[in-house]
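J.: A single structure is presented below for examination.
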Amino acid sequence: MMETEVRDQMMHRLIKVLGRTRVLSSRPDLVPYTKDTYRIRYDEDYKYFPDAVVFPETTAEVAGIVEIAAELKVPLIPKGGGSNRTGMLVPVTGGIVVDTVRMNRIVEVSVPNLYVTVQPGITLKDLEDGLAKHGLALNQEQGSFKIATIGGSISTSGFSRKHQKYGTIADRVMSLEVVLASGKVMRTGPKILYTSTGYRLQQLFVGAEGTLGIITEATLRVEPIPEAKDAILAFYHDFWSANEAALRTMSSCVTFTGGEAYEVEDATSLGAPQGRNGLFYLGFEGTKGEVHAQVEFVRKIVHETGGVLAKHDDAAKFMEKYTSQWCGARALTGFEDALTTYVPVEHMREFFEKLWGEVMPKHGSAPLPGEKYSLDVGRYRIMAGRFYLPKGEGAWEKYQVLLRDIAKLTTRLGGSISSCHGVGIEHKDNLDLEYSEVALDVMRDLKKALDPDNIMNPGKMLPDKK
Amino acid sequence: MDAELVQMAEVAEACSRCRCGCCKDQCPMYSELLEESISPKGRNALIRSVLKGAVEPNERAVRIAYSCLLCRRDEQSCVAGLRNSDATEAFRRYLIEKGAKLLPEHAALAKSLDNYGNPWQESRAARKRWAKGLQNKKVVPGKTSTLFYVGCTFALDRTLDDGPKALASLMDKAGVDYGLLLDDEVCCGSTAKRIGDIKLFEKLRRENEKRIRGTGVENIVTACAGCFKTLEQDYPDLSEDISIMHSTQFISELIANDKLHFPKREVKVTYHDPCHLGRHSDVYDAPRRVLLSVPGLELVEMKNSRQTARCCGGGAGVKTAYPEISQKAAVKRIREAEETGAEILITTCPFCVQTLRGAASAVDSKIKVQELSVFLDSLSHERGGGHR
């Protein structure tokens, strides 16, 4: 709990920097900032309130806020769209939520050099709309596309459904401007895609979850809008037969933007024949000739693996609908969580069999209907699924043991606990399974070097040293 | 708790299981203020925290409750289809029933409604001001079959009273036997309901329903989208006994029955779906059918239309409580209309006309904002005829 004197001083100084309307501190205003979309411990529902939420519009204002926080040793929680799922925005130690959503300008579009420089609070959708006017695209198509911000996407190491052709956000970051915990403003390097000089400081902030500094500007690689786009959707008897097509595609030389193999409860509404609930879809972008050839190539794979192709219009409709939803109607499903594990593909069957056959039942959990199997097709092979949270007495503790057991299974098979949603609070204490103590110590040392007073999003990502 | 409040609690609880924030995309209020509390997700979080006793329903909470246009645009983005707008409307009522005071900006509206039966501080007699020359149209109980329910804003705003005049003229041309309540008409209560003053709404509803039923009419036609929604959805039994139609539906039927037709007019127009007529009442086709019946007319849709139409910014007390944001939302809609290259932006709700016209004038837009009946009636005047 912050002392009244410190709080008063903090408020007075924040208002001096930003004006009264850009500093919120009343409880009705703060309520939505008490949680992101993480399943907070049930009995801690309204435990963590920030002391203030601020809305800077410039780098200088962010620096001003950080200077105040550094002097008063007040925690800072940088925020983007607020859609994070692992608790990285929960103000567990109170402090100031630095909401970057008003830093939403496109600063520069360089058509010849194929980059864009933006403030961090612009949403992915608004940036795509802005770039389209220049014939360019960012292609960072993550589920939370409409509300996620560039700063949030970088800080969470956001995945993209177009990963295969264009990579993920980590591959797009060319240069960053960051306000460090001291209040100093750092430019990580020139606005260029490739250099063989110096440490790649910009990559340090990818997936850092706001624990090292506050991103105030980002220069990102962009691509010309392709001449043609197309999609293929095919139906299989189950996930495993759809996976055959996925494996064939992945081991071929064909280029595609991204895709998925998964299994739903009933695919007939998508135009599937009865009993064909395994889905395989891929997207294609490029020149007309390229796309035509790619589609034909994959159609042949579908044919050879026993798939039934959806009508072209159905595939297009599916892509449009599928990419516009991301929360999975969690409001209706009851308490659930999602896996975004990354397991080497040769271990996928073992992973899913042990996950649903042993780990989940042991803790009284089960998959949501139609959410048991999912694989991102391509180089980034995320294996996803959704499961109900344990119920009854000690449910929270059971949930934590369940997460630990999933992490053990994943890391034993050489994978990563979270390839899409970050670490936050949820996976923090399981990070020791994925990283050696030496690696974790290096991370802790980096954190200490950049943020000696631990004011940047404390209590997130890095596990305490045992 | 009654059904509305139970539903409010359920929406807040369901939203708290998700908290995805998809609702923020395209929310006219959030996109201007960018504060989480001023979003459907934020208000749901506030409702839940108040119900759980974690947050006091203080003055700020009340102001947040009134930061919603009740436009339901967000519900198009909510995968779970949560009725956030109903929850917010119920929350306003809940706060007032728990002793919260109306916002000072709304108190004057409520007082006027209570005293004069309209929100515009005009006398009851002023309600018939627009109807000069139509005094013989006073509804005759037991004889008139169709009541033209005008509504407060059309009747009392001098800049909008060409709307009822035009609709009356169109009905005359089509030979419709209609009647008016003139100064016996009372507010439908929409404003009172939307700002959560349920006692006042019930008082107005009872009075209004008594007068309407006293006429013995079989049909009600209204050109006001707000009155239409309220009479149809918030008067529990009225629509069971009396057919309630929006003017666009009524005109569309007249055209289909060959009672009305229009001369050729080569003009490019765009149509703005009022929230109360579109998302609240699911009436999208009738106004478009009417417009497309005009020979030579080209209807160009805006980037966001029908279910995803942007709100004009004038609804649910926001224009009074948050005038600057209301105008910003309206300007965005004007810009969308301009992008279509249309000469005229046509709509069918007095608040939309009022708000969009204000915004167009503020930004010196060349686009003309016109109410549908006014546009249609002007066609007949230009060339003569227009009826059989």
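Labeling convention for the structure tokens: chains A, B, ... as they appear, residues from 1 per chain, ligands from 1 in order of appearance.
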Would you mind listing, as a short mmCIF file (atom, residue, chain, number, x, y, z; two decimals) with N, CA and C atoms, in the first residue's frame, all residues of chain B that have at least one atom within 10 Å of chain A, where only C-alpha atoms are what counts?

T.:
data_model
loop_
_atom_site.label_atom_id
_atom_site.label_comp_id
_atom_site.auth_asym_id
_atom_site.auth_seq_id
_atom_site.Cartn_x
_atom_site.Cartn_y
_atom_site.Cartn_z
N VAL B 11 -24.96 -10.21 -17.65
CA VAL B 11 -24.07 -9.66 -18.69
C VAL B 11 -22.73 -9.27 -18.07
N ALA B 12 -22.79 -8.58 -16.92
CA ALA B 12 -21.55 -8.14 -16.27
C ALA B 12 -20.70 -9.34 -15.87
N GLU B 13 -21.36 -10.38 -15.38
CA GLU B 13 -20.64 -11.59 -14.94
C GLU B 13 -20.02 -12.30 -16.14
N ALA B 14 -20.81 -12.43 -17.21
CA ALA B 14 -20.30 -13.11 -18.41
C ALA B 14 -19.12 -12.35 -18.99
N CYS B 15 -19.24 -11.04 -19.04
CA CYS B 15 -18.15 -10.21 -19.59
C CYS B 15 -16.90 -10.37 -18.73
N SER B 16 -17.09 -10.50 -17.43
CA SER B 16 -15.92 -10.61 -16.55
C SER B 16 -15.20 -11.95 -16.75
N ARG B 17 -15.88 -12.93 -17.33
CA ARG B 17 -15.21 -14.20 -17.61
C ARG B 17 -14.31 -14.08 -18.85
N CYS B 18 -14.54 -13.02 -19.63
CA CYS B 18 -13.82 -12.89 -20.89
C CYS B 18 -12.90 -11.67 -20.89
N ARG B 19 -13.49 -10.49 -20.76
CA ARG B 19 -12.74 -9.22 -20.69
C ARG B 19 -11.86 -8.98 -21.92
N CYS B 20 -12.26 -9.53 -23.07
CA CYS B 20 -11.39 -9.45 -24.25
C CYS B 20 -11.27 -8.02 -24.76
N GLY B 21 -12.35 -7.24 -24.65
CA GLY B 21 -12.28 -5.86 -25.12
C GLY B 21 -12.59 -5.69 -26.60
N CYS B 22 -13.11 -6.75 -27.24
CA CYS B 22 -13.48 -6.61 -28.67
C CYS B 22 -14.49 -5.48 -28.84
N CYS B 23 -15.29 -5.23 -27.82
CA CYS B 23 -16.32 -4.20 -27.86
C CYS B 23 -15.74 -2.80 -28.08
N LYS B 24 -14.47 -2.64 -27.74
CA LYS B 24 -13.88 -1.29 -27.84
C LYS B 24 -13.70 -0.87 -29.30
N ASP B 25 -13.47 -1.87 -30.14
CA ASP B 25 -13.29 -1.58 -31.56
C ASP B 25 -14.59 -0.99 -32.10
N GLN B 26 -14.55 0.19 -32.60
CA GLN B 26 -15.71 0.89 -33.18
C GLN B 26 -16.67 1.48 -32.15
N SER B 31 -13.57 5.19 -28.62
CA SER B 31 -12.61 5.60 -29.64
C SER B 31 -12.29 7.09 -29.56
N GLU B 32 -13.11 7.86 -28.87
CA GLU B 32 -12.77 9.27 -28.66
C GLU B 32 -11.96 9.47 -27.38
N LEU B 33 -12.39 8.81 -26.29
CA LEU B 33 -11.75 9.06 -25.00
C LEU B 33 -10.59 8.12 -24.70
N LEU B 34 -10.66 6.90 -25.26
CA LEU B 34 -9.63 5.88 -25.07
C LEU B 34 -9.39 5.54 -23.61
N GLU B 35 -10.42 5.67 -22.80
CA GLU B 35 -10.33 5.24 -21.40
C GLU B 35 -11.14 3.95 -21.27
N GLU B 36 -10.54 2.93 -20.64
CA GLU B 36 -11.22 1.63 -20.54
C GLU B 36 -12.58 1.74 -19.84
N SER B 37 -12.67 2.68 -18.87
CA SER B 37 -13.94 2.79 -18.13
C SER B 37 -15.07 3.27 -19.04
N ILE B 38 -14.68 4.02 -20.10
CA ILE B 38 -15.69 4.52 -21.05
C ILE B 38 -15.78 3.54 -22.22
N SER B 39 -16.02 2.28 -21.92
CA SER B 39 -16.19 1.27 -22.96
C SER B 39 -17.19 0.26 -22.41
N LYS B 41 -16.88 -2.88 -22.05
CA LYS B 41 -16.15 -3.76 -21.11
C LYS B 41 -15.95 -3.06 -19.77
N GLY B 42 -15.55 -1.79 -19.83
CA GLY B 42 -15.30 -1.04 -18.60
C GLY B 42 -16.57 -0.84 -17.79
N ARG B 43 -17.68 -0.55 -18.46
CA ARG B 43 -18.94 -0.36 -17.73
C ARG B 43 -19.41 -1.68 -17.12
N ASN B 44 -19.22 -2.78 -17.87
CA ASN B 44 -19.59 -4.08 -17.30
C ASN B 44 -18.75 -4.37 -16.05
N ALA B 45 -17.47 -4.01 -16.12
CA ALA B 45 -16.60 -4.21 -14.95
C ALA B 45 -17.08 -3.35 -13.79
N LEU B 46 -17.53 -2.15 -14.10
CA LEU B 46 -18.03 -1.26 -13.05
C LEU B 46 -19.32 -1.83 -12.44
N ILE B 47 -20.23 -2.29 -13.30
CA ILE B 47 -21.49 -2.86 -12.80
C ILE B 47 -21.19 -4.01 -11.83
N ARG B 48 -20.30 -4.89 -12.26
CA ARG B 48 -19.99 -6.06 -11.43
C ARG B 48 -19.35 -5.64 -10.10
N SER B 49 -18.43 -4.68 -10.17
CA SER B 49 -17.74 -4.27 -8.94
C SER B 49 -18.69 -3.56 -7.99
N VAL B 50 -19.66 -2.85 -8.54
CA VAL B 50 -20.66 -2.19 -7.68
C VAL B 50 -21.56 -3.26 -7.04
N LYS B 52 -20.82 -6.27 -6.40
CA LYS B 52 -20.04 -7.06 -5.43
C LYS B 52 -19.61 -6.21 -4.24
N GLY B 53 -19.92 -4.92 -4.29
CA GLY B 53 -19.56 -4.06 -3.17
C GLY B 53 -18.10 -3.62 -3.17
N ALA B 54 -17.39 -3.86 -4.28
CA ALA B 54 -15.96 -3.50 -4.32
C ALA B 54 -15.76 -2.03 -4.67
N VAL B 55 -16.76 -1.42 -5.27
CA VAL B 55 -16.66 -0.01 -5.66
C VAL B 55 -17.94 0.70 -5.27
N GLU B 56 -17.78 1.87 -4.69
CA GLU B 56 -18.94 2.68 -4.31
C GLU B 56 -19.59 3.30 -5.54
N PRO B 57 -20.90 3.27 -5.63
CA PRO B 57 -21.53 3.92 -6.78
C PRO B 57 -21.56 5.44 -6.60
N ASN B 58 -20.39 6.05 -6.62
CA ASN B 58 -20.28 7.48 -6.35
C ASN B 58 -20.59 8.31 -7.61
N GLU B 59 -20.35 9.60 -7.48
CA GLU B 59 -20.69 10.52 -8.57
C GLU B 59 -19.98 10.15 -9.88
N ARG B 60 -18.72 9.74 -9.76
CA ARG B 60 -17.96 9.36 -10.94
C ARG B 60 -18.56 8.10 -11.59
N ALA B 61 -18.96 7.15 -10.75
CA ALA B 61 -19.58 5.92 -11.28
C ALA B 61 -20.84 6.28 -12.06
N VAL B 62 -21.60 7.23 -11.55
CA VAL B 62 -22.83 7.65 -12.23
C VAL B 62 -22.47 8.26 -13.59
N ARG B 63 -21.45 9.09 -13.59
CA ARG B 63 -21.08 9.74 -14.86
C ARG B 63 -20.61 8.69 -15.88
N ILE B 64 -19.89 7.69 -15.42
CA ILE B 64 -19.45 6.62 -16.33
C ILE B 64 -20.68 5.87 -16.88
N ALA B 65 -21.66 5.65 -16.00
CA ALA B 65 -22.87 4.95 -16.45
C ALA B 65 -23.56 5.71 -17.59
N SER B 77 -19.53 -6.61 -32.38
CA SER B 77 -18.15 -7.08 -32.28
C SER B 77 -17.98 -8.13 -31.18
N CYS B 78 -18.99 -8.28 -30.34
CA CYS B 78 -18.89 -9.22 -29.21
C CYS B 78 -19.25 -10.62 -29.71
N VAL B 79 -18.26 -11.51 -29.67
CA VAL B 79 -18.49 -12.87 -30.17
C VAL B 79 -19.59 -13.57 -29.37
N ALA B 80 -19.67 -13.22 -28.09
CA ALA B 80 -20.69 -13.84 -27.25
C ALA B 80 -22.04 -13.15 -27.39
N GLY B 81 -22.09 -12.05 -28.12
CA GLY B 81 -23.36 -11.35 -28.33
C GLY B 81 -23.97 -10.79 -27.05
N LEU B 82 -23.14 -10.34 -26.14
CA LEU B 82 -23.67 -9.81 -24.86
C LEU B 82 -24.47 -8.53 -25.10
#

J.: Write out as an mmCIF file with all heavy atoms, in the first residue's frame the residues lying within 9 Å of segment 111-127 of chain B, counting only C-alpha atoms and excluding same-chain residues fewer than 3 positions away.

T.:
data_model
loop_
_atom_site.group_PDB
_atom_site.id
_atom_site.type_symbol
_atom_site.label_atom_id
_atom_site.label_comp_id
_atom_site.auth_asym_id
_atom_site.auth_seq_id
_atom_site.Cartn_x
_atom_site.Cartn_y
_atom_site.Cartn_z
ATOM 1 N N HIS B 106 -29.036 16.147 -17.196
ATOM 2 C CA HIS B 106 -30.254 15.410 -17.529
ATOM 3 C C HIS B 106 -31.450 15.836 -16.666
ATOM 4 O O HIS B 106 -32.598 15.562 -17.017
ATOM 5 C CB HIS B 106 -30.048 13.899 -17.363
ATOM 6 C CG HIS B 106 -29.086 13.335 -18.375
ATOM 7 N ND1 HIS B 106 -28.364 12.192 -18.161
ATOM 8 C CD2 HIS B 106 -28.730 13.778 -19.607
ATOM 9 C CE1 HIS B 106 -27.603 11.942 -19.219
ATOM 10 N NE2 HIS B 106 -27.807 12.896 -20.103
ATOM 11 N N ALA B 107 -31.153 16.453 -15.540
ATOM 12 C CA ALA B 107 -32.224 16.811 -14.605
ATOM 13 C C ALA B 107 -33.234 17.751 -15.256
ATOM 14 O O ALA B 107 -34.450 17.633 -15.049
ATOM 15 C CB ALA B 107 -31.631 17.432 -13.344
ATOM 16 N N ALA B 108 -32.724 18.675 -16.072
ATOM 17 C CA ALA B 108 -33.623 19.630 -16.733
ATOM 18 C C ALA B 108 -34.556 18.917 -17.706
ATOM 19 O O ALA B 108 -35.747 19.245 -17.802
ATOM 20 C CB ALA B 108 -32.804 20.683 -17.473
ATOM 21 N N TRP B 130 -46.603 22.764 -35.168
ATOM 22 C CA TRP B 130 -46.163 22.356 -36.513
ATOM 23 C C TRP B 130 -47.360 22.093 -37.436
ATOM 24 O O TRP B 130 -47.218 22.175 -38.652
ATOM 25 C CB TRP B 130 -45.307 21.087 -36.439
ATOM 26 C CG TRP B 130 -46.117 19.849 -36.094
ATOM 27 C CD1 TRP B 130 -46.418 19.397 -34.854
ATOM 28 C CD2 TRP B 130 -46.761 18.969 -37.014
ATOM 29 N NE1 TRP B 130 -47.196 18.281 -34.923
ATOM 30 C CE2 TRP B 130 -47.416 17.992 -36.239
ATOM 31 C CE3 TRP B 130 -46.845 18.903 -38.405
ATOM 32 C CZ2 TRP B 130 -48.153 16.950 -36.815
ATOM 33 C CZ3 TRP B 130 -47.578 17.862 -38.978
ATOM 34 C CH2 TRP B 130 -48.237 16.900 -38.195
ATOM 35 N N ALA B 131 -48.528 21.794 -36.808
ATOM 36 C CA ALA B 131 -49.651 21.224 -37.579
ATOM 37 C C ALA B 131 -50.652 22.282 -38.027
ATOM 38 O O ALA B 131 -51.851 22.002 -38.092
ATOM 39 C CB ALA B 131 -50.336 20.142 -36.749
ATOM 40 N N GLY B 151 -44.237 12.619 -31.968
ATOM 41 C CA GLY B 151 -43.060 12.627 -31.085
ATOM 42 C C GLY B 151 -42.609 14.042 -30.773
ATOM 43 O O GLY B 151 -42.840 14.971 -31.550
ATOM 44 N N CYS B 152 -41.959 14.203 -29.615
ATOM 45 C CA CYS B 152 -41.626 15.538 -29.098
ATOM 46 C C CYS B 152 -40.702 16.327 -30.019
ATOM 47 O O CYS B 152 -40.911 17.517 -30.257
ATOM 48 C CB CYS B 152 -40.928 15.413 -27.744
ATOM 49 S SG CYS B 152 -41.823 14.451 -26.534
ATOM 50 N N THR B 153 -39.652 15.681 -30.499
ATOM 51 C CA THR B 153 -38.610 16.436 -31.180
ATOM 52 C C THR B 153 -39.063 16.916 -32.551
ATOM 53 O O THR B 153 -38.816 18.065 -32.920
ATOM 54 C CB THR B 153 -37.317 15.597 -31.250
ATOM 55 O OG1 THR B 153 -37.042 15.147 -29.916
ATOM 56 C CG2 THR B 153 -36.136 16.391 -31.768
ATOM 57 N N ALA B 155 -42.115 17.480 -33.310
ATOM 58 C CA ALA B 155 -43.186 18.446 -33.116
ATOM 59 C C ALA B 155 -42.676 19.792 -32.610
ATOM 60 O O ALA B 155 -43.236 20.840 -32.942
ATOM 61 C CB ALA B 155 -44.216 17.884 -32.138
ATOM 62 N N LEU B 156 -41.603 19.760 -31.819
ATOM 63 C CA LEU B 156 -41.226 20.985 -31.111
ATOM 64 C C LEU B 156 -39.945 21.664 -31.602
ATOM 65 O O LEU B 156 -39.725 22.833 -31.320
ATOM 66 C CB LEU B 156 -41.105 20.681 -29.613
ATOM 67 C CG LEU B 156 -42.438 20.308 -28.961
ATOM 68 C CD1 LEU B 156 -42.219 19.643 -27.607
ATOM 69 C CD2 LEU B 156 -43.330 21.527 -28.805
ATOM 70 N N ASP B 157 -39.094 20.927 -32.302
ATOM 71 C CA ASP B 157 -37.884 21.559 -32.821
ATOM 72 C C ASP B 157 -38.245 22.220 -34.157
ATOM 73 O O ASP B 157 -38.541 21.554 -35.146
ATOM 74 C CB ASP B 157 -36.795 20.498 -33.015
ATOM 75 C CG ASP B 157 -35.471 21.102 -33.495
ATOM 76 O OD1 ASP B 157 -35.503 22.170 -34.151
ATOM 77 O OD2 ASP B 157 -34.414 20.516 -33.225
ATOM 78 N N LEU B 182 -52.366 15.819 -31.796
ATOM 79 C CA LEU B 182 -52.049 17.250 -31.645
ATOM 80 C C LEU B 182 -51.569 17.536 -30.226
ATOM 81 O O LEU B 182 -50.654 16.868 -29.759
ATOM 82 C CB LEU B 182 -53.256 18.092 -32.067
ATOM 83 C CG LEU B 182 -53.633 17.923 -33.554
ATOM 84 C CD1 LEU B 182 -54.961 18.611 -33.870
ATOM 85 C CD2 LEU B 182 -52.537 18.446 -34.474
ATOM 86 N N ASP B 183 -52.198 18.474 -29.500
ATOM 87 C CA ASP B 183 -51.667 18.802 -28.166
ATOM 88 C C ASP B 183 -52.055 17.783 -27.099
ATOM 89 O O ASP B 183 -51.665 17.912 -25.939
ATOM 90 C CB ASP B 183 -52.041 20.225 -27.744
ATOM 91 C CG ASP B 183 -53.513 20.510 -27.921
ATOM 92 O OD1 ASP B 183 -54.208 19.664 -28.533
ATOM 93 O OD2 ASP B 183 -53.964 21.564 -27.441
ATOM 94 N N ASP B 184 -52.773 16.747 -27.495
ATOM 95 C CA ASP B 184 -53.047 15.658 -26.541
ATOM 96 C C ASP B 184 -51.936 14.610 -26.540
ATOM 97 O O ASP B 184 -51.946 13.684 -25.729
ATOM 98 C CB ASP B 184 -54.377 14.957 -26.893
ATOM 99 C CG ASP B 184 -55.578 15.767 -26.422
ATOM 100 O OD1 ASP B 184 -55.377 16.619 -25.525
ATOM 101 O OD2 ASP B 184 -56.673 15.567 -26.960
ATOM 102 N N GLU B 185 -51.011 14.764 -27.466
ATOM 103 C CA GLU B 185 -49.913 13.785 -27.528
ATOM 104 C C GLU B 185 -48.958 14.024 -26.360
ATOM 105 O O GLU B 185 -48.681 15.159 -25.991
ATOM 106 C CB GLU B 185 -49.170 13.936 -28.863
ATOM 107 C CG GLU B 185 -48.201 12.812 -29.144
ATOM 108 C CD GLU B 185 -47.508 12.981 -30.492
ATOM 109 O OE1 GLU B 185 -48.128 12.675 -31.526
ATOM 110 O OE2 GLU B 185 -46.349 13.439 -30.503
ATOM 111 N N VAL B 186 -48.473 12.930 -25.797
ATOM 112 C CA VAL B 186 -47.523 13.008 -24.681
ATOM 113 C C VAL B 186 -46.264 12.256 -25.092
ATOM 114 O O VAL B 186 -46.330 11.332 -25.897
ATOM 115 C CB VAL B 186 -48.136 12.348 -23.416
ATOM 116 C CG1 VAL B 186 -47.122 12.298 -22.286
ATOM 117 C CG2 VAL B 186 -49.374 13.089 -22.982
ATOM 118 N N CYS B 187 -45.145 12.651 -24.531
ATOM 119 C CA CYS B 187 -43.866 11.984 -24.838
ATOM 120 C C CYS B 187 -43.992 10.476 -24.644
ATOM 121 O O CYS B 187 -44.614 10.012 -23.690
ATOM 122 C CB CYS B 187 -42.781 12.537 -23.914
ATOM 123 S SG CYS B 187 -41.201 11.704 -24.114
ATOM 124 N N CYS B 188 -43.359 9.717 -25.526
ATOM 125 C CA CYS B 188 -43.394 8.251 -25.406
ATOM 126 C C CYS B 188 -42.600 7.786 -24.188
ATOM 127 O O CYS B 188 -42.764 6.661 -23.728
ATOM 128 C CB CYS B 188 -42.821 7.610 -26.674
ATOM 129 S SG CYS B 188 -41.057 7.909 -26.878
ATOM 130 N N GLY B 189 -41.704 8.617 -23.695
ATOM 131 C CA GLY B 189 -40.932 8.265 -22.498
ATOM 132 C C GLY B 189 -39.538 7.749 -22.819
ATOM 133 O O GLY B 189 -38.793 7.365 -21.917
ATOM 134 N N THR B 191 -36.725 9.140 -23.649
ATOM 135 C CA THR B 191 -35.622 9.826 -22.951
ATOM 136 C C THR B 191 -35.558 9.393 -21.488
ATOM 137 O O THR B 191 -34.480 9.080 -20.965
ATOM 138 C CB THR B 191 -35.800 11.358 -23.051
ATOM 139 O OG1 THR B 191 -35.902 11.702 -24.419
ATOM 140 C CG2 THR B 191 -34.656 12.099 -22.416
ATOM 141 N N ALA B 192 -36.720 9.358 -20.838
ATOM 142 C CA ALA B 192 -36.756 8.973 -19.421
ATOM 143 C C ALA B 192 -36.237 7.549 -19.243
ATOM 144 O O ALA B 192 -35.466 7.258 -18.318
ATOM 145 C CB ALA B 192 -38.181 9.086 -18.889
ATOM 146 N N LEU B 200 -40.478 8.024 -13.895
ATOM 147 C CA LEU B 200 -40.958 9.020 -14.842
ATOM 148 C C LEU B 200 -41.408 8.344 -16.130
ATOM 149 O O LEU B 200 -42.454 8.689 -16.697
ATOM 150 C CB LEU B 200 -39.835 10.031 -15.124
ATOM 151 C CG LEU B 200 -40.134 11.158 -16.112
ATOM 152 C CD1 LEU B 200 -41.354 11.971 -15.679
ATOM 153 C CD2 LEU B 200 -38.920 12.083 -16.250
ATOM 154 N N LYS B 203 -44.761 6.784 -15.643
ATOM 155 C CA LYS B 203 -45.810 7.808 -15.595
ATOM 156 C C LYS B 203 -46.180 8.236 -17.026
ATOM 157 O O LYS B 203 -47.362 8.297 -17.389
ATOM 158 C CB LYS B 203 -45.289 9.022 -14.795
ATOM 159 C CG LYS B 203 -46.301 10.111 -14.610
ATOM 160 C CD LYS B 203 -45.696 11.305 -13.887
ATOM 161 C CE LYS B 203 -46.585 12.519 -14.114
ATOM 162 N NZ LYS B 203 -45.996 13.746 -13.668
ATOM 163 N N LEU B 204 -45.151 8.508 -17.829
ATOM 164 C CA LEU B 204 -45.396 8.938 -19.212
ATOM 165 C C LEU B 204 -46.037 7.823 -20.024
ATOM 166 O O LEU B 204 -46.946 8.051 -20.821
ATOM 167 C CB LEU B 204 -44.075 9.363 -19.869
ATOM 168 C CG LEU B 204 -43.441 10.638 -19.317
ATOM 169 C CD1 LEU B 204 -41.978 10.756 -19.758
ATOM 170 C CD2 LEU B 204 -44.221 11.877 -19.762
#

J.: Enter the distance from atom CA of Phe351 of chain B to atom CA of Lys332 of chain B, in Å, rounded to one decimal.

T.: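 If I compute the distance from atom CA of Phe351 of chain B to atom CA of Lys332 of chain B, I get 16.1 Å.
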
J.: To one decimal place in Å, what is the distance between atom CA of Lys300 of chain A and atom CA of Ser241 of chain A?

T.: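 Distance between the two atoms: 15.2 Å.
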
J.: Show me, as number ranges by chain, the residues that have an atom within 8 Å of Gly271 of chain A when counting only C-alpha atoms, minus same-chain residues fewer than 2 positions from it.

T.: A: 267-269, 273, 310-311, 314

J.: Store the residues picked out above, limited to N, CA and C atoms, as a short mmCIF file (atom, residue, chain, number, x, y, z; two decimals), in the first residue's frame.

T.:
data_model
loop_
_atom_site.label_atom_id
_atom_site.label_comp_id
_atom_site.auth_asym_id
_atom_site.auth_seq_id
_atom_site.Cartn_x
_atom_site.Cartn_y
_atom_site.Cartn_z
N ALA A 267 -18.46 -29.57 -38.26
CA ALA A 267 -18.01 -28.63 -39.31
C ALA A 267 -19.05 -28.47 -40.41
N THR A 268 -20.23 -29.04 -40.23
CA THR A 268 -21.21 -28.99 -41.34
C THR A 268 -21.62 -27.54 -41.67
N SER A 269 -21.62 -26.68 -40.64
CA SER A 269 -22.01 -25.30 -40.93
C SER A 269 -20.98 -24.60 -41.84
N PRO A 273 -18.91 -32.26 -45.27
CA PRO A 273 -19.79 -33.43 -45.24
C PRO A 273 -19.87 -33.96 -43.80
N ALA A 310 -13.38 -27.53 -49.51
CA ALA A 310 -14.58 -26.69 -49.38
C ALA A 310 -14.74 -25.88 -50.65
N LYS A 311 -15.99 -25.44 -50.90
CA LYS A 311 -16.20 -24.56 -52.05
C LYS A 311 -15.38 -23.30 -51.86
N ASP A 314 -17.00 -20.71 -49.68
CA ASP A 314 -17.05 -21.14 -48.27
C ASP A 314 -15.70 -20.92 -47.61
#

J.: Extract, using only C-alpha atoms, all DNA, RNA and protein residues at most 9 Å from Lys372 of chain A, discarding same-chain residues fewer than 6 positions from it, and format them as number ranges by chain.

T.: A: 262-264, 352, 356, 366, 384-387

J.: According to DSSP computed on the backbone, where in segment 44-190 of chain B is there strand (DSSP E or B)? Give the residues as number ranges by chain.

T.: B: 138, 146-149, 178-180
